[in-house]
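This is start22.tsv. It holds TSV, C-alpha atoms.
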chain	number	residue	atom	x	y	z
A	609	MET	CA	-17.06	-24.12	37.95
A	610	ARG	CA	-14.26	-25.26	40.25
A	611	SER	CA	-11.60	-24.08	37.77
A	612	CYS	CA	-13.21	-20.61	37.65
A	613	CYS	CA	-12.99	-20.37	41.44
A	614	TRP	CA	-9.30	-21.14	41.28
A	615	CYS	CA	-8.81	-18.38	38.70
A	616	TYR	CA	-10.49	-15.82	40.94
A	617	PHE	CA	-8.35	-16.96	43.87
A	618	LEU	CA	-5.10	-16.54	41.93
A	619	VAL	CA	-6.08	-13.07	40.73
A	620	LEU	CA	-6.84	-11.95	44.29
A	621	CYS	CA	-3.55	-13.33	45.64
A	622	PHE	CA	-1.34	-11.92	42.90
A	623	PRO	CA	0.02	-8.46	43.86
A	624	VAL	CA	-1.88	-5.78	41.97
A	625	SER	CA	1.21	-3.54	42.01
A	626	LEU	CA	3.06	-6.08	39.86
A	627	LEU	CA	0.23	-6.12	37.34
A	628	ALA	CA	0.13	-2.34	37.10
A	629	GLN	CA	3.87	-1.62	37.33
A	630	ASP	CA	5.24	-0.02	34.16
A	631	PHE	CA	8.87	1.08	34.05
A	632	GLY	CA	8.74	2.68	30.63
A	633	TRP	CA	8.94	6.15	32.20
A	634	TRP	CA	12.15	5.13	34.03
A	635	ASN	CA	13.73	3.76	30.87
A	636	ASP	CA	13.03	7.01	29.01
A	637	GLU	CA	14.02	9.33	31.88
A	638	HIS	CA	17.42	7.70	32.40
A	639	ASN	CA	18.13	6.64	28.81
A	640	TRP	CA	18.30	2.99	29.75
A	641	ASP	CA	20.67	1.02	27.50
A	642	GLY	CA	18.42	-2.05	27.53
A	643	ALA	CA	20.98	-4.27	29.24
A	644	THR	CA	22.32	-2.77	32.49
A	645	HIS	CA	20.38	-3.78	35.59
A	646	TRP	CA	18.54	-0.85	37.16
A	647	SER	CA	20.26	-1.36	40.54
A	648	SER	CA	23.58	-0.32	38.97
A	649	TYR	CA	22.16	3.17	38.46
A	650	LEU	CA	21.51	3.74	42.16
A	651	LYS	CA	24.22	5.52	44.12
A	652	LEU	CA	24.77	3.68	47.40
A	653	ALA	CA	25.99	6.72	49.28
A	654	PRO	CA	24.46	8.96	51.99
A	655	GLY	CA	23.94	11.82	49.54
A	656	PHE	CA	21.52	9.76	47.42
A	657	MET	CA	19.75	7.45	49.87
A	658	GLY	CA	17.24	7.70	52.70
A	659	PRO	CA	18.18	9.33	56.03
A	660	ASN	CA	18.79	6.01	57.82
A	661	ALA	CA	20.62	4.04	55.12
A	662	PHE	CA	24.07	4.73	56.62
A	663	PRO	CA	24.14	4.82	60.43
A	664	ILE	CA	27.13	6.84	61.67
A	665	PRO	CA	28.33	6.10	65.21
A	666	TYR	CA	28.73	8.73	67.92
A	667	ALA	CA	31.79	9.17	70.11
A	668	GLU	CA	30.17	7.93	73.33
A	669	ARG	CA	31.14	5.90	76.37
A	670	ILE	CA	30.30	2.25	76.91
A	671	ASN	CA	26.93	1.43	78.46
A	672	THR	CA	27.19	0.23	82.06
A	673	LYS	CA	23.44	-0.34	82.49
A	674	ARG	CA	20.66	-1.70	80.34
A	675	GLU	CA	19.00	0.98	78.23
A	676	PHE	CA	16.07	1.18	75.86
A	677	ASP	CA	15.86	4.24	73.61
A	678	LEU	CA	12.75	5.23	71.64
A	679	ARG	CA	12.89	8.29	69.38
A	680	TYR	CA	10.82	10.11	66.77
A	681	ASN	CA	12.75	11.69	63.88
A	682	ASN	CA	11.51	14.25	61.39
A	683	HIS	CA	13.86	14.70	58.42
A	684	ASN	CA	13.62	17.93	56.43
A	685	ASN	CA	14.66	18.10	52.78
A	686	LEU	CA	13.28	20.24	49.97
A	687	GLY	CA	10.95	18.13	47.84
A	688	GLU	CA	10.85	15.24	50.29
A	689	THR	CA	8.88	14.19	53.37
A	690	ASN	CA	10.45	11.75	55.84
A	691	TRP	CA	9.70	10.68	59.39
A	692	ASP	CA	10.50	7.54	61.34
A	693	PHE	CA	10.80	5.89	64.73
A	694	TYR	CA	14.16	4.75	66.05
A	695	THR	CA	14.76	2.07	68.69
A	696	ARG	CA	17.93	1.02	70.49
A	697	PHE	CA	18.45	-1.64	73.14
A	698	SER	CA	21.85	-1.83	74.84
A	699	PHE	CA	23.16	-3.86	77.73
A	700	PRO	CA	26.51	-4.66	79.37
A	701	ILE	CA	28.12	-8.08	79.30
A	702	GLY	CA	30.34	-8.32	82.34
A	703	GLU	CA	32.40	-5.25	83.24
A	704	LYS	CA	34.29	-4.63	79.99
A	705	THR	CA	31.86	-5.28	77.13
A	706	ALA	CA	28.49	-3.98	75.96
A	707	VAL	CA	26.19	-4.76	73.03
A	708	ARG	CA	23.75	-2.51	71.20
A	709	PHE	CA	20.92	-3.33	68.78
A	710	GLU	CA	19.55	-0.45	66.71
A	711	MET	CA	16.76	-0.26	64.13
A	712	ASN	CA	14.23	2.08	62.52
A	713	PRO	CA	11.20	-0.24	62.44
A	714	ILE	CA	8.92	2.27	60.70
A	715	GLU	CA	9.89	4.94	58.18
A	716	TYR	CA	7.51	7.01	56.05
A	717	PHE	CA	8.72	8.68	52.85
A	718	GLU	CA	7.39	10.72	49.98
A	719	MET	CA	9.44	12.51	47.31
A	720	ASP	CA	8.81	14.70	44.28
A	721	SER	CA	9.95	13.94	40.74
A	722	THR	CA	13.19	15.94	41.08
A	723	ILE	CA	14.42	13.90	44.05
A	724	ARG	CA	13.08	10.73	42.44
A	725	ASN	CA	15.15	11.27	39.29
A	726	GLN	CA	18.29	12.32	41.15
A	727	ARG	CA	18.24	9.01	43.03
A	728	PHE	CA	17.17	6.82	40.07
A	729	VAL	CA	14.31	5.31	42.11
A	730	ARG	CA	12.03	2.83	40.35
A	731	ASP	CA	8.53	3.86	41.42
A	732	GLU	CA	7.04	6.64	39.34
A	733	TYR	CA	5.23	7.99	42.41
A	734	PRO	CA	7.52	7.05	45.34
A	735	LYS	CA	5.52	7.17	48.55
A	736	GLY	CA	4.94	4.74	51.40
A	737	TYR	CA	6.52	2.95	54.34
A	738	ALA	CA	9.82	1.16	54.83
A	739	SER	CA	11.44	-0.86	57.59
A	740	GLY	CA	15.10	-0.34	58.40
A	741	ASP	CA	18.28	-2.35	58.74
A	742	LEU	CA	19.32	-3.94	62.00
A	743	LEU	CA	22.62	-2.58	63.33
A	744	VAL	CA	24.56	-4.60	65.91
A	745	GLU	CA	27.40	-2.87	67.74
A	746	VAL	CA	29.88	-4.31	70.25
A	747	ASN	CA	31.92	-2.04	72.55
A	748	ALA	CA	34.89	-3.28	74.58
A	749	LYS	CA	37.09	-1.47	77.10
A	750	ILE	CA	40.79	-1.39	76.29
A	751	HIS	CA	41.82	0.93	79.11
A	752	GLU	CA	40.02	2.69	81.93
A	753	SER	CA	41.07	4.96	84.77
A	754	GLU	CA	39.20	7.30	87.07
A	755	LYS	CA	38.66	9.94	84.37
A	756	ASN	CA	39.72	8.27	81.10
A	757	GLN	CA	38.34	5.49	78.96
A	758	MET	CA	39.50	3.92	75.70
A	759	LEU	CA	37.21	1.63	73.72
A	760	PHE	CA	37.29	-0.65	70.71
A	761	ASN	CA	33.98	-0.53	68.82
A	762	MET	CA	32.69	-2.79	66.05
A	763	GLY	CA	29.42	-2.36	64.17
A	764	LEU	CA	27.66	-4.56	61.61
A	765	LYS	CA	24.72	-3.31	59.54
A	766	THR	CA	22.59	-6.09	58.09
A	767	ALA	CA	20.82	-5.98	54.72
A	768	SER	CA	17.37	-6.38	56.25
A	769	GLY	CA	15.91	-2.98	55.25
A	770	SER	CA	13.14	-2.63	52.66
A	771	GLN	CA	12.34	-0.28	49.77
A	772	PHE	CA	15.72	-0.60	48.05
A	773	ARG	CA	14.08	0.23	44.72
A	774	ASN	CA	13.10	3.62	46.18
A	775	ALA	CA	16.59	4.31	47.56
A	776	ARG	CA	15.58	4.06	51.22
A	777	TYR	CA	18.00	1.32	52.33
A	778	THR	CA	20.99	-0.22	50.55
A	779	ASP	CA	20.07	-3.94	50.57
A	780	SER	CA	23.78	-4.61	51.20
A	781	PRO	CA	25.85	-5.12	54.36
A	782	ALA	CA	28.18	-2.60	55.95
A	783	TYR	CA	30.54	-2.66	58.90
A	784	TYR	CA	32.88	-0.38	60.82
A	785	PHE	CA	35.74	-0.64	63.29
A	786	ASN	CA	36.98	2.21	65.43
A	787	LEU	CA	38.80	3.28	68.57
A	788	SER	CA	37.36	5.95	70.85
A	789	TYR	CA	38.91	7.90	73.72
A	790	HIS	CA	36.97	9.71	76.45
A	791	HIS	CA	38.12	12.12	79.17
A	792	GLU	CA	36.04	13.54	82.01
A	793	LYS	CA	36.79	16.82	83.77
A	794	VAL	CA	34.91	17.46	87.03
A	795	PHE	CA	34.55	21.09	88.17
A	796	SER	CA	32.16	20.60	91.07
A	797	ALA	CA	29.56	18.21	92.44
A	798	ASN	CA	27.02	19.69	90.02
A	799	PHE	CA	29.08	20.39	86.93
A	800	LYS	CA	31.37	18.28	84.72
A	801	ILE	CA	32.45	17.99	81.07
A	802	ASP	CA	33.13	14.80	79.12
A	803	TYR	CA	35.14	14.88	75.87
A	804	GLY	CA	35.20	12.09	73.31
A	805	VAL	CA	36.95	11.38	69.99
A	806	LEU	CA	36.58	8.44	67.59
A	807	LEU	CA	38.62	7.26	64.61
A	808	GLY	CA	38.16	4.18	62.44
A	809	LEU	CA	37.16	2.54	59.15
A	810	TYR	CA	33.69	2.33	57.54
A	811	VAL	CA	33.10	-0.22	54.73
A	812	TRP	CA	30.02	-1.04	52.65
A	813	GLN	CA	29.13	-2.97	49.51
A	814	THR	CA	28.02	-1.22	46.33
A	815	TYR	CA	26.42	-2.39	43.07
A	816	LEU	CA	29.09	-0.82	40.88
A	817	VAL	CA	30.82	-3.18	38.46
A	818	ASN	CA	34.29	-1.70	38.92
A	819	ASN	CA	33.98	-0.75	42.62
A	820	ARG	CA	32.20	-3.46	44.57
A	821	GLN	CA	33.22	-1.95	47.90
A	822	ASN	CA	33.66	1.55	49.30
A	823	ASP	CA	36.14	2.13	52.13
A	824	ALA	CA	35.88	5.29	54.20
A	825	ILE	CA	37.77	6.94	57.04
A	826	LEU	CA	35.39	7.30	60.00
A	827	ALA	CA	35.71	10.05	62.62
A	828	ALA	CA	33.61	11.66	65.36
A	829	SER	CA	33.96	13.96	68.35
A	830	SER	CA	31.69	14.99	71.23
A	831	ILE	CA	31.52	17.51	74.07
A	832	ARG	CA	29.08	16.65	76.85
A	833	LEU	CA	28.23	19.16	79.58
A	834	TYR	CA	26.42	17.94	82.70
A	835	TYR	CA	24.86	20.35	85.18
A	836	LYS	CA	22.78	18.85	87.99
A	837	SER	CA	20.08	16.80	86.20
A	838	TYR	CA	20.56	18.45	82.80
A	839	SER	CA	22.96	17.71	79.95
A	840	LEU	CA	23.96	19.48	76.75
A	841	ILE	CA	25.74	17.38	74.13
A	842	GLN	CA	27.34	18.46	70.85
A	843	ASP	CA	28.47	15.89	68.28
A	844	LEU	CA	30.38	16.09	65.02
A	845	ARG	CA	30.60	12.87	63.03
A	846	GLY	CA	31.05	11.58	59.50
A	847	PHE	CA	33.14	9.53	57.12
A	848	LYS	CA	35.07	10.11	53.90
A	849	GLY	CA	34.70	7.57	51.07
A	850	TYR	CA	36.91	7.46	47.99
A	851	LEU	CA	34.33	7.41	45.15
A	852	ASN	CA	33.26	11.05	45.66
A	853	ASN	CA	29.64	10.26	44.78
A	854	GLY	CA	27.95	11.65	47.87
A	855	ASP	CA	29.97	9.34	50.12
A	856	GLN	CA	31.56	11.96	52.41
A	857	PRO	CA	28.82	12.94	54.92
A	858	LEU	CA	29.53	15.29	57.81
A	859	LEU	CA	26.87	15.97	60.46
A	860	TYR	CA	26.65	18.28	63.46
A	861	SER	CA	24.07	17.84	66.21
A	862	ILE	CA	23.16	19.43	69.51
A	863	LYS	CA	21.14	17.60	72.16
A	864	PHE	CA	19.47	18.86	75.33
A	865	ALA	CA	18.36	16.31	77.93
A	866	LYS	CA	16.66	16.16	81.31
A	867	ASN	CA	17.84	13.24	83.43
A	868	TRP	CA	16.08	11.29	86.17
A	869	PRO	CA	17.34	8.13	87.93
A	870	HIS	CA	15.70	5.75	85.43
A	871	ILE	CA	14.70	7.87	82.44
A	872	GLN	CA	16.08	10.59	80.20
A	873	MET	CA	13.93	12.86	78.01
A	874	TYR	CA	15.69	14.71	75.21
A	875	VAL	CA	15.44	16.82	72.08
A	876	ARG	CA	18.14	16.94	69.41
A	877	GLN	CA	18.64	18.98	66.27
A	878	GLN	CA	20.94	17.61	63.58
A	879	PHE	CA	22.38	19.70	60.75
A	880	SER	CA	23.93	18.47	57.53
A	881	ILE	CA	27.25	20.05	56.56
A	882	ILE	CA	27.96	18.02	53.41
A	883	ASP	CA	26.77	14.93	51.48
A	884	TYR	CA	23.63	14.35	53.51
A	885	PRO	CA	20.43	16.02	52.25
A	886	PHE	CA	18.51	16.10	55.54
A	887	HIS	CA	18.28	18.35	58.59
A	888	THR	CA	16.69	16.32	61.38
A	889	SER	CA	14.63	17.17	64.47
A	890	GLN	CA	14.42	14.47	67.16
A	891	LEU	CA	12.34	13.86	70.27
A	892	GLY	CA	13.09	10.83	72.40
A	893	ALA	CA	13.25	9.06	75.73
A	894	THR	CA	15.77	6.61	77.17
A	895	TYR	CA	14.68	4.16	79.86
A	896	ILE	CA	17.53	2.98	82.10
A	897	PHE	CA	17.07	-0.24	84.08

As structure tokens, how would this structure be written, given the file I've shared?
Amino acid sequence: MRSCCWCYFLVLCFPVSLLAQDFGWWNDEHNWDGATHWSSYLKLAPGFMGPNAFPIPYAERINTKREFDLRYNNHNNLGETNWDFYTRFSFPIGEKTAVRFEMNPIEYFEMDSTIRNQRFVRDEYPKGYASGDLLVEVNAKIHESEKNQMLFNMGLKTASGSQFRNARYTDSPAYYFNLSYHHEKVFSANFKIDYGVLLGLYVWQTYLVNNRQNDAILAASSIRLYYKSYSLIQDLRGFKGYLNNGDQPLLYSIKFAKNWPHIQMYVRQQFSIIDYPFHTSQLGATYIF
């Protein structure tokens, strides 16, 4: 009797999804050779992964105050449903350095069979929730004057994201280094413009036998208009990998914000120009303290 109880306990604890999982459909769909690991079929590039798999930095100034950013993102792509929440906590360290922590703690996804097959995902009916990678970024001032600022930026993306089998996150590390330059032009007490440019290197690991690493040129630019308590920001950013497998994303976004002393409310619309299948609508708030 005791042994029967243990059997029931083991059945209840064992994941049902593992008992029911059958990858015969995947083998037939992709003409599996019977030897190559399935992860080698996935393309670890922005054109064939989830919307948050490859964070691309903006050309923005260093944070001089502590900030917490919470944002809702809705990603539009034909044959696919995606939404997520984004969080960012940033704070200065002394007068010349700042640190940022970014993550998408919750992401929902659902895709049809066409998208599923294009990305070589493993689940026959890919649908569910994922948690994202943690990105740590360090910004340091190299030069600063009354209107100009030059920064050195370094970012490290961890491999902490889930749902790799469904091509949501890469399950591999990535990092980037870049320099950014910012210039402010003041027209009056109520109106000013801030320009920014960024140039650097973006590197990530792949599962390809002959190309274990992809190296990309990283670039971004921004124009920020401030009028009284309102701001309008336009950003162009992307990188150019060398494998030409969806690894050359270019994104344009426009953001409108209302600013108060300790909080900013904003909406942003992001458009894909190349190698990124999503157009994204964003609604967020930044708390400054």

Practice problem: Report the distance between CA of Val707 (chain A) and CA of Trp691 (chain A) in Å, rounded to one decimal place. | Solution: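 Interatomic distance, CA of Val707 (chain A) to CA of Trp691 (chain A): 26.4 Å.
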
Exercise. Write out as a list in words each polymer residue whose atoms come within 7 Å of Arg776 (chain A), counting only C-alpha atoms; drop sequence neighbours fewer than 2 positions from it.
Key: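 Here the qualifying residues turn out to be Met657, Gly658, Ala661, Gln771, Phe772, Asn774 and Thr778 of chain A.
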
Quiz item: What is the distance between CA of Tyr694 (chain A) and CA of Met711 (chain A), in Å to one decimal?
Solution: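 Computing it gives 6.0 Å between the two atoms.
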
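The shortest atom-to-atom distance to Thr644 (chain A), with all atoms listed in the file taken into account, belongs to A:Tyr815 out of A:Leu844, A:Tyr815, A:His887, A:Tyr835.
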
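The spacing separating CA of Asn635 (chain A) from CA of Pro781 (chain A) amounts to 27.9 Å.
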
Quiz item: Quick one: residues within 6 Å of Tyr884 (chain A), all atoms listed in the file counted, chain neighbours fewer than 6 positions away excluded, as a list in words?
Solution: Pro654, Gly655 and Pro857 of chain A

Practice problem: For Trp634 (chain A), work out the shell of residues within 8 Å, counting all atoms listed in the file and skipping chain neighbours fewer than 4 positions away, then give it as JSON, numbers by chain. | Solution: {"A": [638, 640, 730, 732]}

Self-check item: Nearest candidate to Glu792 (chain A) (options A:Arg669, A:Gln726, A:Leu840, A:Asn685; using all atoms listed in the file)
Solution: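 The answer is A:Arg669, which sits nearest to Glu792 (chain A).
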
Practice problem: Dump as a VMD selection string all residues having an atom at most 12 Å from (32.3, -8.3, 83.3), computed in the file's coordinates with only C-alpha atoms. | Solution: chain A and resid 672 to 673 699 to 706 748 to 749

Exercise. Find, counting all atoms listed in the file, the residue in A:Asp641, A:Asp720, A:Glu752, A:Glu668 that gets nearest to Arg845 (chain A).
Key: A:Glu668

Practice problem: Find the residues around Ala667 (chain A) up to 10 Å (all atoms listed in the file counted), leave out those fewer than 3 positions away in its own chain, and share them as a VMD selection string. | Solution: chain A and resid 664 670 759 786 to 790 803 to 807 827 to 831 843 to 845

Using C-alpha atoms, can you export the residues from the last selection as a JSON list (two decimals), in the coordinates of the input?
[["chain", "number", "residue", "atom", "x", "y", "z"],
["A", 664, "ILE", "CA", 27.13, 6.84, 61.67],
["A", 670, "ILE", "CA", 30.30, 2.25, 76.91],
["A", 759, "LEU", "CA", 37.21, 1.63, 73.72],
["A", 786, "ASN", "CA", 36.98, 2.21, 65.43],
["A", 787, "LEU", "CA", 38.80, 3.28, 68.57],
["A", 788, "SER", "CA", 37.36, 5.95, 70.85],
["A", 789, "TYR", "CA", 38.91, 7.90, 73.72],
["A", 790, "HIS", "CA", 36.97, 9.71, 76.45],
["A", 803, "TYR", "CA", 35.14, 14.88, 75.87],
["A", 804, "GLY", "CA", 35.20, 12.09, 73.31],
["A", 805, "VAL", "CA", 36.95, 11.38, 69.99],
["A", 806, "LEU", "CA", 36.58, 8.44, 67.59],
["A", 807, "LEU", "CA", 38.62, 7.26, 64.61],
["A", 827, "ALA", "CA", 35.71, 10.05, 62.62],
["A", 828, "ALA", "CA", 33.61, 11.66, 65.36],
["A", 829, "SER", "CA", 33.96, 13.96, 68.35],
["A", 830, "SER", "CA", 31.69, 14.99, 71.23],
["A", 831, "ILE", "CA", 31.52, 17.51, 74.07],
["A", 843, "ASP", "CA", 28.47, 15.89, 68.28],
["A", 844, "LEU", "CA", 30.38, 16.09, 65.02],
["A", 845, "ARG", "CA", 30.60, 12.87, 63.03]]

Quiz prompt | Nearest-residue call for Val811 (chain A), choices A:Leu678, A:Leu833, A:Ile825, A:Ala782, using all atoms listed in the file | solution =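 Ranking A:Leu678, A:Leu833, A:Ile825, A:Ala782 by distance to Val811 (chain A), first place goes to A:Ala782.
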
Practice problem: Determine, counting all atoms listed in the file, which protein, DNA and RNA residues have an atom within 10 Å of an atom of Gly854 (chain A); residues of the same chain fewer than 4 positions away are not included. Present the result as a VMD selection string. | Solution: chain A and resid 651 to 657 848 to 850 882 to 885

Could the residues in this selection be saved with C-alpha atoms as a PDB file, in the coordinates of the input?
ATOM      1  CA  LYS A 651      24.220   5.520  44.120  1.00  0.00           C
ATOM      2  CA  LEU A 652      24.770   3.680  47.400  1.00  0.00           C
ATOM      3  CA  ALA A 653      25.990   6.720  49.280  1.00  0.00           C
ATOM      4  CA  PRO A 654      24.460   8.960  51.990  1.00  0.00           C
ATOM      5  CA  GLY A 655      23.940  11.820  49.540  1.00  0.00           C
ATOM      6  CA  PHE A 656      21.520   9.760  47.420  1.00  0.00           C
ATOM      7  CA  MET A 657      19.750   7.450  49.870  1.00  0.00           C
ATOM      8  CA  LYS A 848      35.070  10.110  53.900  1.00  0.00           C
ATOM      9  CA  GLY A 849      34.700   7.570  51.070  1.00  0.00           C
ATOM     10  CA  TYR A 850      36.910   7.460  47.990  1.00  0.00           C
ATOM     11  CA  ILE A 882      27.960  18.020  53.410  1.00  0.00           C
ATOM     12  CA  ASP A 883      26.770  14.930  51.480  1.00  0.00           C
ATOM     13  CA  TYR A 884      23.630  14.350  53.510  1.00  0.00           C
ATOM     14  CA  PRO A 885      20.430  16.020  52.250  1.00  0.00           C
TER      15      PRO A 885
END
